[in-house]
Every structure is written in C-alpha cells, then in structure tokens.
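Here is coords.pdb, consisting of PDB, C-alpha atoms, pLDDT in the B column:
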ATOM      1  CA  GLN A   1       8.429  17.217   0.240  1.00 80.00           C
ATOM      2  CA  VAL A   2       7.886  13.471   0.212  1.00 88.00           C
ATOM      3  CA  GLN A   3       8.106  11.317  -2.885  1.00 93.00           C
ATOM      4  CA  LEU A   4       6.789   7.772  -3.085  1.00 96.00           C
ATOM      5  CA  VAL A   5       7.668   5.469  -5.962  1.00 97.00           C
ATOM      6  CA  GLU A   6       5.975   2.092  -6.365  1.00 97.00           C
ATOM      7  CA  SER A   7       7.404  -0.832  -8.279  1.00 97.00           C
ATOM      8  CA  GLY A   8       6.858  -4.542  -8.680  1.00 97.00           C
ATOM      9  CA  GLY A   9       3.536  -4.601 -10.474  1.00 97.00           C
ATOM     10  CA  GLY A  10       2.953  -6.780 -13.492  1.00 97.00           C
ATOM     11  CA  LEU A  11       1.028  -9.665 -14.986  1.00 98.00           C
ATOM     12  CA  VAL A  12       0.568 -12.875 -13.023  1.00 98.00           C
ATOM     13  CA  GLN A  13      -1.685 -15.904 -13.264  1.00 98.00           C
ATOM     14  CA  ALA A  14      -4.421 -16.515 -10.733  1.00 98.00           C
ATOM     15  CA  GLY A  15      -2.992 -18.178  -7.652  1.00 98.00           C
ATOM     16  CA  GLY A  16       0.380 -16.552  -8.181  1.00 98.00           C
ATOM     17  CA  SER A  17       2.299 -13.997  -6.153  1.00 98.00           C
ATOM     18  CA  LEU A  18       3.776 -10.544  -6.560  1.00 98.00           C
ATOM     19  CA  ARG A  19       5.668  -8.254  -4.227  1.00 98.00           C
ATOM     20  CA  LEU A  20       5.137  -4.525  -4.519  1.00 98.00           C
ATOM     21  CA  SER A  21       7.672  -2.065  -3.185  1.00 98.00           C
ATOM     22  CA  CYS A  22       7.298   1.594  -2.327  1.00 98.00           C
ATOM     23  CA  ALA A  23      10.448   3.638  -1.914  1.00 97.00           C
ATOM     24  CA  ALA A  24      10.122   6.887   0.008  1.00 95.00           C
ATOM     25  CA  SER A  25      12.331   9.941  -0.083  1.00 91.00           C
ATOM     26  CA  GLY A  26      12.191  13.163   1.838  1.00 77.00           C
ATOM     27  CA  ARG A  27      11.045  13.531   5.420  1.00 72.00           C
ATOM     28  CA  SER A  28      11.530  11.012   8.227  1.00 83.00           C
ATOM     29  CA  PHE A  29      10.035   7.860   6.767  1.00 85.00           C
ATOM     30  CA  SER A  30      10.488   5.837   9.929  1.00 84.00           C
ATOM     31  CA  SER A  31       8.271   8.174  11.937  1.00 85.00           C
ATOM     32  CA  TYR A  32       5.079   7.665   9.989  1.00 91.00           C
ATOM     33  CA  ALA A  33       2.510   5.041   9.114  1.00 95.00           C
ATOM     34  CA  MET A  34       2.210   3.757   5.559  1.00 96.00           C
ATOM     35  CA  GLY A  35      -0.634   2.259   3.618  1.00 98.00           C
ATOM     36  CA  TRP A  36      -1.505   0.512   0.393  1.00 98.00           C
ATOM     37  CA  PHE A  37      -4.675   1.249  -1.541  1.00 98.00           C
ATOM     38  CA  ARG A  38      -6.009   0.190  -4.895  1.00 98.00           C
ATOM     39  CA  GLN A  39      -8.357   1.824  -7.340  1.00 97.00           C
ATOM     40  CA  ALA A  40     -10.195   0.468 -10.339  1.00 91.00           C
ATOM     41  CA  PRO A  41     -11.448   2.810 -13.085  1.00 90.00           C
ATOM     42  CA  GLY A  42     -14.606   4.590 -12.028  1.00 93.00           C
ATOM     43  CA  LYS A  43     -14.398   3.357  -8.457  1.00 94.00           C
ATOM     44  CA  GLU A  44     -13.270   4.864  -5.180  1.00 94.00           C
ATOM     45  CA  ARG A  45      -9.835   4.185  -3.820  1.00 96.00           C
ATOM     46  CA  GLU A  46     -10.020   1.038  -1.701  1.00 97.00           C
ATOM     47  CA  PHE A  47      -8.000   0.275   1.422  1.00 98.00           C
ATOM     48  CA  VAL A  48      -5.716  -2.743   1.132  1.00 98.00           C
ATOM     49  CA  ALA A  49      -3.333  -2.685   4.113  1.00 98.00           C
ATOM     50  CA  ALA A  50      -1.539  -0.348   6.493  1.00 98.00           C
ATOM     51  CA  ILE A  51       1.422  -0.534   8.837  1.00 97.00           C
ATOM     52  CA  SER A  52       2.436   1.569  11.822  1.00 95.00           C
ATOM     53  CA  TRP A  53       5.674   3.544  11.937  1.00 92.00           C
ATOM     54  CA  SER A  54       7.501   0.780  13.781  1.00 91.00           C
ATOM     55  CA  GLY A  55       5.965  -2.096  11.875  1.00 91.00           C
ATOM     56  CA  GLY A  56       4.505  -3.384  15.119  1.00 93.00           C
ATOM     57  CA  ALA A  57       0.905  -3.014  14.022  1.00 96.00           C
ATOM     58  CA  THR A  58      -0.615  -4.009  10.709  1.00 97.00           C
ATOM     59  CA  TYR A  59      -4.115  -3.696   9.336  1.00 97.00           C
ATOM     60  CA  TYR A  60      -5.830  -5.397   6.419  1.00 97.00           C
ATOM     61  CA  ALA A  61      -9.012  -5.200   4.431  1.00 97.00           C
ATOM     62  CA  ASP A  62     -11.229  -8.252   4.743  1.00 97.00           C
ATOM     63  CA  SER A  63     -10.642  -8.951   1.066  1.00 95.00           C
ATOM     64  CA  THR A  64      -6.865  -9.169   1.493  1.00 96.00           C
ATOM     65  CA  LYS A  65      -6.464 -10.601   4.983  1.00 96.00           C
ATOM     66  CA  GLY A  66      -4.630 -13.906   4.920  1.00 96.00           C
ATOM     67  CA  ARG A  67      -3.392 -13.387   1.359  1.00 98.00           C
ATOM     68  CA  PHE A  68      -1.453 -10.100   1.525  1.00 98.00           C
ATOM     69  CA  THR A  69       1.298  -9.108   3.936  1.00 98.00           C
ATOM     70  CA  ILE A  70       2.499  -5.552   4.506  1.00 98.00           C
ATOM     71  CA  SER A  71       5.952  -4.917   5.910  1.00 98.00           C
ATOM     72  CA  ARG A  72       8.522  -2.139   6.032  1.00 97.00           C
ATOM     73  CA  ASP A  73      12.260  -1.669   6.207  1.00 96.00           C
ATOM     74  CA  ASN A  74      12.935   1.693   7.793  1.00 93.00           C
ATOM     75  CA  ALA A  75      16.645   1.433   7.054  1.00 93.00           C
ATOM     76  CA  LYS A  76      15.780   1.328   3.348  1.00 94.00           C
ATOM     77  CA  ASN A  77      12.848   3.778   3.510  1.00 94.00           C
ATOM     78  CA  THR A  78      10.724   1.138   1.829  1.00 96.00           C
ATOM     79  CA  VAL A  79       7.358  -0.473   2.451  1.00 97.00           C
ATOM     80  CA  TYR A  80       6.351  -3.749   0.832  1.00 98.00           C
ATOM     81  CA  LEU A  81       3.156  -5.538  -0.054  1.00 98.00           C
ATOM     82  CA  GLN A  82       3.559  -9.268  -0.542  1.00 98.00           C
ATOM     83  CA  MET A  83       0.542 -10.555  -2.445  1.00 98.00           C
ATOM     84  CA  SER A  84      -0.201 -14.261  -2.637  1.00 98.00           C
ATOM     85  CA  SER A  85      -3.091 -16.385  -3.897  1.00 98.00           C
ATOM     86  CA  LEU A  86      -3.924 -13.604  -6.310  1.00 98.00           C
ATOM     87  CA  LYS A  87      -7.350 -13.505  -7.909  1.00 97.00           C
ATOM     88  CA  PRO A  88      -8.548 -11.826 -11.104  1.00 96.00           C
ATOM     89  CA  GLU A  89     -10.535  -9.396  -8.954  1.00 95.00           C
ATOM     90  CA  ASP A  90      -7.247  -8.120  -7.499  1.00 97.00           C
ATOM     91  CA  THR A  91      -6.510  -6.601 -10.911  1.00 97.00           C
ATOM     92  CA  THR A  92      -6.184  -2.837 -10.656  1.00 97.00           C
ATOM     93  CA  VAL A  93      -3.711  -0.045  -9.911  1.00 98.00           C
ATOM     94  CA  TYR A  94      -2.062  -0.166  -6.483  1.00 98.00           C
ATOM     95  CA  TYR A  95      -0.911   2.957  -4.657  1.00 98.00           C
ATOM     96  CA  CYS A  96       1.218   3.432  -1.594  1.00 98.00           C
ATOM     97  CA  ALA A  97       0.536   6.319   0.741  1.00 97.00           C
ATOM     98  CA  ALA A  98       2.214   8.010   3.674  1.00 95.00           C
ATOM     99  CA  ASP A  99       0.459   9.266   6.782  1.00 94.00           C
ATOM    100  CA  TYR A 100       2.434  12.196   8.160  1.00 88.00           C
ATOM    101  CA  GLY A 101      -0.196  12.990  10.762  1.00 84.00           C
ATOM    102  CA  ARG A 102      -1.711  16.123   9.221  1.00 85.00           C
ATOM    103  CA  ASN A 103      -5.167  14.647   8.677  1.00 85.00           C
ATOM    104  CA  SER A 104      -7.618  13.021  11.039  1.00 85.00           C
ATOM    105  CA  GLY A 105      -9.292   9.682  10.464  1.00 87.00           C
ATOM    106  CA  SER A 106      -8.348   6.047  10.474  1.00 91.00           C
ATOM    107  CA  TYR A 107      -5.749   4.090   8.573  1.00 92.00           C
ATOM    108  CA  PHE A 108      -8.591   2.601   6.521  1.00 94.00           C
ATOM    109  CA  THR A 109      -9.536   5.837   4.804  1.00 94.00           C
ATOM    110  CA  ALA A 110      -7.667   7.469   1.930  1.00 95.00           C
ATOM    111  CA  SER A 111      -8.204  10.966   3.310  1.00 94.00           C
ATOM    112  CA  LYS A 112      -5.965  10.118   6.268  1.00 95.00           C
ATOM    113  CA  TYR A 113      -2.875  10.007   4.069  1.00 95.00           C
ATOM    114  CA  ASP A 114      -0.805  13.005   3.067  1.00 93.00           C
ATOM    115  CA  TYR A 115       1.310  11.736   0.200  1.00 94.00           C
ATOM    116  CA  TRP A 116       0.706   9.275  -2.605  1.00 96.00           C
ATOM    117  CA  GLY A 117       2.755   7.424  -5.175  1.00 97.00           C
ATOM    118  CA  GLN A 118       1.943   7.297  -8.859  1.00 97.00           C
ATOM    119  CA  GLY A 119       0.624   3.744  -8.741  1.00 97.00           C
ATOM    120  CA  THR A 120       1.643   0.412 -10.218  1.00 97.00           C
ATOM    121  CA  GLN A 121      -0.577  -1.845 -12.307  1.00 98.00           C
ATOM    122  CA  VAL A 122      -1.290  -5.382 -11.155  1.00 98.00           C
ATOM    123  CA  THR A 123      -3.031  -7.700 -13.595  1.00 98.00           C
ATOM    124  CA  VAL A 124      -4.136 -11.194 -12.593  1.00 98.00           C
ATOM    125  CA  SER A 125      -5.176 -13.475 -15.437  1.00 97.00           C
ATOM    126  CA  SER A 126      -7.646 -16.306 -14.965  1.00 93.00           C
TER
END

I'd like the structure from this file rewritten - as structure tokens, please.
Amino acid sequence: QVQLVESGGGLVQAGGSLRLSCAASGRSFSSYAMGWFRQAPGKEREFVAAISWSGGATYYADSTKGRFTISRDNAKNTVYLQMSSLKPEDTTVYYCAADYGRNSGSYFTASKYDYWGQGTQVTVSS
C-alpha cells in the first residue's frame, strides 16, 4: 500500500510563492512517476505538473508553465511543487499522485495515477 501526504499549503498574496511537499511511504517511490493535480469545487481534477521516476523529465500544464517547478528527492521519498507568481485563480486544493504503472494513459490525465494524497488547500488573495 502506498500513502501520500501533502503539506505546505496555505494563504499567500498574489505574486507570492509557496512550496508544496508530498511525502510517500510504501512501495519503491524512486521507480515511479509522480504528478500534481488541483481541483476546485464542482470541477474536474486538473493536471498541474508531472515528473518522471528519475526526475529527468518534467511536464507542465500551460497555465503553470514558467511559474511552477516540480522536483523530487528520491532519497527522501518526496516530491515538491514550487509555486511562484501565484494568482488568485490558482486557489484550490492541490493533490499529489503516484503512477505505479497499472493504468494506461498519459501523465496529463488523472486516471493514469494509482494513488492519491488527501490534498492541501492553497489560497491566493488578490
């Protein structure tokens, strides 16, 4: 069983920064890709960023490219999302997810991922 625990969310002013962390426990974290998604009430879960098992490849949504940076530390079983130049429209709950290879699809789709964290709230004030 894999457990993912996000932290680092909070309230920040527009233009500010936050760093989210996702700590993983259980199966071989370093062997699998990780992603970040976000979901507003009543909306579908939206892709934010993803990173390959080695960290050598990263992927971003158009809305976050150039502002957000995903990274991972396999020695600490942790993936990070550094968010800069935050906007009020970035306000929502952020989830990390682990792709253990059981589902088909691309890194950009939520159905690709096998395990999810409980989410952390990010609020950006204007």

With 4 Å on each side, where is the centre of the axis-aligned box around all listed atoms of region 32-50 of chain A, and how long are its edges in Å to one decimal, as lines of an AutoDock Vina configuration file?
center_x = -4.8
center_y = 2.5
center_z = -1.5
size_x = 27.7
size_y = 18.4
size_z = 31.1

Any idea what the distance is between CA of Ala75 (chain A) and CA of Ser17 (chain A)?
24.9 Å

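Every protein, DNA or RNA residue with an atom at most 8 Å from Ser7 (chain A), where only C-alpha atoms count and chain neighbours fewer than 3 positions away do not, is listed here: A:Leu20, A:Ser21, A:Cys22, A:Thr120.
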
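Put simply, the PyMOL selection byres ((chain A and resi 60) around 12) in this file takes in A:Gly35, A:Trp36, A:Phe37, A:Glu46, A:Phe47, A:Val48, A:Ala49, A:Ala50, A:Ile51, A:Ala57, A:Thr58, A:Tyr59, A:Ala61, A:Asp62, A:Ser63, A:Thr64, A:Lys65, A:Gly66, A:Arg67, A:Phe68, A:Thr69, A:Ile70, A:Ser71, A:Leu81, A:Tyr107, A:Phe108, A:Thr109.
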
Go through the shown structure with the PyMOL selection byres ((chain A and resi 97-106) around 12) and write out the matching residues as an MDAnalysis selection string.
chainID A and resid 1:6 21:38 45 47:53 59 77:80 94:96 107:119

How many Å lie between CA of Thr92 (chain A) and CA of Gln39 (chain A), rounded to one decimal?
6.1 Å

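Interatomic distance, CA of Ala40 (chain A) to CA of Thr91 (chain A): 8.0 Å.
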
At a cut-off of 8 Å, using all atoms listed in the file, what residues contact Leu18 (chain A)? Leave out same-chain residues fewer than 6 positions from it and give the result as a PyMOL selection string.
chain A and resi 8-10+12+82-84

Evaluated on this file, the PyMOL selection byres ((chain A and resi 125) around 8) picks out some residues - which ones are they, written as a count of residues only?
9

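Proximity of A:Arg72, A:Ser85, A:Gly16, A:Val93 to Glu44 (chain A), computed with all atoms listed in the file, is greatest for A:Val93.
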
Compare A:Asp73, A:Pro41, A:Gly56, A:Asp90 by their minimum atom-to-atom distance to Val122 (chain A), counting all atoms listed in the file, and give me the closest one.
A:Asp90

Should you be able to, write region 29-40 of chain A of this structure into a file that contains all heavy atoms, as an mmCIF file, in the first residue's frame.
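So result.cif came out as:
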data_model
loop_
_atom_site.group_PDB
_atom_site.id
_atom_site.type_symbol
_atom_site.label_atom_id
_atom_site.label_comp_id
_atom_site.auth_asym_id
_atom_site.auth_seq_id
_atom_site.Cartn_x
_atom_site.Cartn_y
_atom_site.Cartn_z
ATOM 1 N N PHE A 29 9.268 4.219 -4.171
ATOM 2 C CA PHE A 29 8.953 5.550 -4.666
ATOM 3 C C PHE A 29 9.810 5.929 -5.857
ATOM 4 O O PHE A 29 9.324 6.513 -6.824
ATOM 5 C CB PHE A 29 9.166 6.551 -3.527
ATOM 6 C CG PHE A 29 9.053 7.983 -3.934
ATOM 7 C CD1 PHE A 29 7.821 8.582 -4.065
ATOM 8 C CD2 PHE A 29 10.190 8.746 -4.167
ATOM 9 C CE1 PHE A 29 7.711 9.909 -4.424
ATOM 10 C CE2 PHE A 29 10.094 10.067 -4.530
ATOM 11 C CZ PHE A 29 8.849 10.654 -4.658
ATOM 12 N N SER A 30 11.067 5.609 -5.813
ATOM 13 C CA SER A 30 12.002 6.062 -6.843
ATOM 14 C C SER A 30 11.783 5.410 -8.199
ATOM 15 O O SER A 30 12.390 5.816 -9.183
ATOM 16 C CB SER A 30 13.439 5.818 -6.381
ATOM 17 O OG SER A 30 13.655 4.434 -6.173
ATOM 18 N N SER A 31 10.907 4.426 -8.264
ATOM 19 C CA SER A 31 10.689 3.712 -9.518
ATOM 20 C C SER A 31 9.539 4.276 -10.328
ATOM 21 O O SER A 31 9.314 3.823 -11.454
ATOM 22 C CB SER A 31 10.413 2.233 -9.237
ATOM 23 O OG SER A 31 11.503 1.635 -8.585
ATOM 24 N N TYR A 32 8.819 5.247 -9.790
ATOM 25 C CA TYR A 32 7.568 5.635 -10.415
ATOM 26 C C TYR A 32 7.435 7.138 -10.601
ATOM 27 O O TYR A 32 7.974 7.930 -9.841
ATOM 28 C CB TYR A 32 6.394 5.107 -9.603
ATOM 29 C CG TYR A 32 6.452 3.600 -9.490
ATOM 30 C CD1 TYR A 32 6.964 2.995 -8.351
ATOM 31 C CD2 TYR A 32 6.050 2.805 -10.541
ATOM 32 C CE1 TYR A 32 7.045 1.621 -8.269
ATOM 33 C CE2 TYR A 32 6.137 1.424 -10.468
ATOM 34 C CZ TYR A 32 6.642 0.834 -9.326
ATOM 35 O OH TYR A 32 6.736 -0.522 -9.261
ATOM 36 N N ALA A 33 6.682 7.501 -11.629
ATOM 37 C CA ALA A 33 6.409 8.906 -11.901
ATOM 38 C C ALA A 33 5.437 9.469 -10.874
ATOM 39 O O ALA A 33 4.654 8.739 -10.270
ATOM 40 C CB ALA A 33 5.818 9.061 -13.307
ATOM 41 N N MET A 34 5.507 10.789 -10.699
ATOM 42 C CA MET A 34 4.637 11.474 -9.745
ATOM 43 C C MET A 34 4.006 12.682 -10.420
ATOM 44 O O MET A 34 4.588 13.272 -11.340
ATOM 45 C CB MET A 34 5.438 11.948 -8.529
ATOM 46 C CG MET A 34 6.071 10.827 -7.714
ATOM 47 S SD MET A 34 4.849 9.811 -6.855
ATOM 48 C CE MET A 34 4.195 11.018 -5.692
ATOM 49 N N GLY A 35 2.849 13.045 -9.953
ATOM 50 C CA GLY A 35 2.178 14.202 -10.527
ATOM 51 C C GLY A 35 1.505 15.056 -9.473
ATOM 52 O O GLY A 35 1.300 14.612 -8.339
ATOM 53 N N TRP A 36 1.223 16.285 -9.872
ATOM 54 C CA TRP A 36 0.409 17.190 -9.060
ATOM 55 C C TRP A 36 -0.828 17.584 -9.865
ATOM 56 O O TRP A 36 -0.726 17.890 -11.068
ATOM 57 C CB TRP A 36 1.185 18.456 -8.690
ATOM 58 C CG TRP A 36 2.216 18.283 -7.628
ATOM 59 C CD1 TRP A 36 3.552 18.042 -7.800
ATOM 60 C CD2 TRP A 36 2.003 18.326 -6.217
ATOM 61 N NE1 TRP A 36 4.180 17.935 -6.588
ATOM 62 C CE2 TRP A 36 3.256 18.113 -5.589
ATOM 63 C CE3 TRP A 36 0.879 18.527 -5.404
ATOM 64 C CZ2 TRP A 36 3.411 18.108 -4.197
ATOM 65 C CZ3 TRP A 36 1.036 18.518 -4.039
ATOM 66 C CH2 TRP A 36 2.287 18.302 -3.443
ATOM 67 N N PHE A 37 -1.961 17.560 -9.210
ATOM 68 C CA PHE A 37 -3.217 17.986 -9.798
ATOM 69 C C PHE A 37 -3.877 18.973 -8.844
ATOM 70 O O PHE A 37 -3.487 19.091 -7.676
ATOM 71 C CB PHE A 37 -4.146 16.785 -10.018
ATOM 72 C CG PHE A 37 -3.745 15.902 -11.170
ATOM 73 C CD1 PHE A 37 -2.655 15.054 -11.062
ATOM 74 C CD2 PHE A 37 -4.454 15.916 -12.354
ATOM 75 C CE1 PHE A 37 -2.276 14.236 -12.118
ATOM 76 C CE2 PHE A 37 -4.092 15.104 -13.421
ATOM 77 C CZ PHE A 37 -3.004 14.265 -13.299
ATOM 78 N N ARG A 38 -4.884 19.655 -9.345
ATOM 79 C CA ARG A 38 -5.672 20.512 -8.477
ATOM 80 C C ARG A 38 -7.131 20.394 -8.877
ATOM 81 O O ARG A 38 -7.448 20.079 -10.023
ATOM 82 C CB ARG A 38 -5.196 21.963 -8.547
ATOM 83 C CG ARG A 38 -5.270 22.617 -9.924
ATOM 84 C CD ARG A 38 -4.567 23.966 -9.900
ATOM 85 N NE ARG A 38 -4.674 24.649 -11.186
ATOM 86 C CZ ARG A 38 -4.056 25.789 -11.475
ATOM 87 N NH1 ARG A 38 -3.276 26.380 -10.558
ATOM 88 N NH2 ARG A 38 -4.215 26.350 -12.660
ATOM 89 N N GLN A 39 -8.000 20.663 -7.918
ATOM 90 C CA GLN A 39 -9.422 20.509 -8.171
ATOM 91 C C GLN A 39 -10.207 21.531 -7.389
ATOM 92 O O GLN A 39 -10.134 21.576 -6.154
ATOM 93 C CB GLN A 39 -9.887 19.102 -7.810
ATOM 94 C CG GLN A 39 -11.320 18.805 -8.189
ATOM 95 C CD GLN A 39 -11.662 17.337 -8.013
ATOM 96 O OE1 GLN A 39 -11.035 16.618 -7.237
ATOM 97 N NE2 GLN A 39 -12.671 16.880 -8.747
ATOM 98 N N ALA A 40 -10.971 22.316 -8.104
ATOM 99 C CA ALA A 40 -11.883 23.281 -7.487
ATOM 100 C C ALA A 40 -13.238 22.619 -7.298
ATOM 101 O O ALA A 40 -13.574 21.666 -8.015
ATOM 102 C CB ALA A 40 -11.999 24.509 -8.386
#
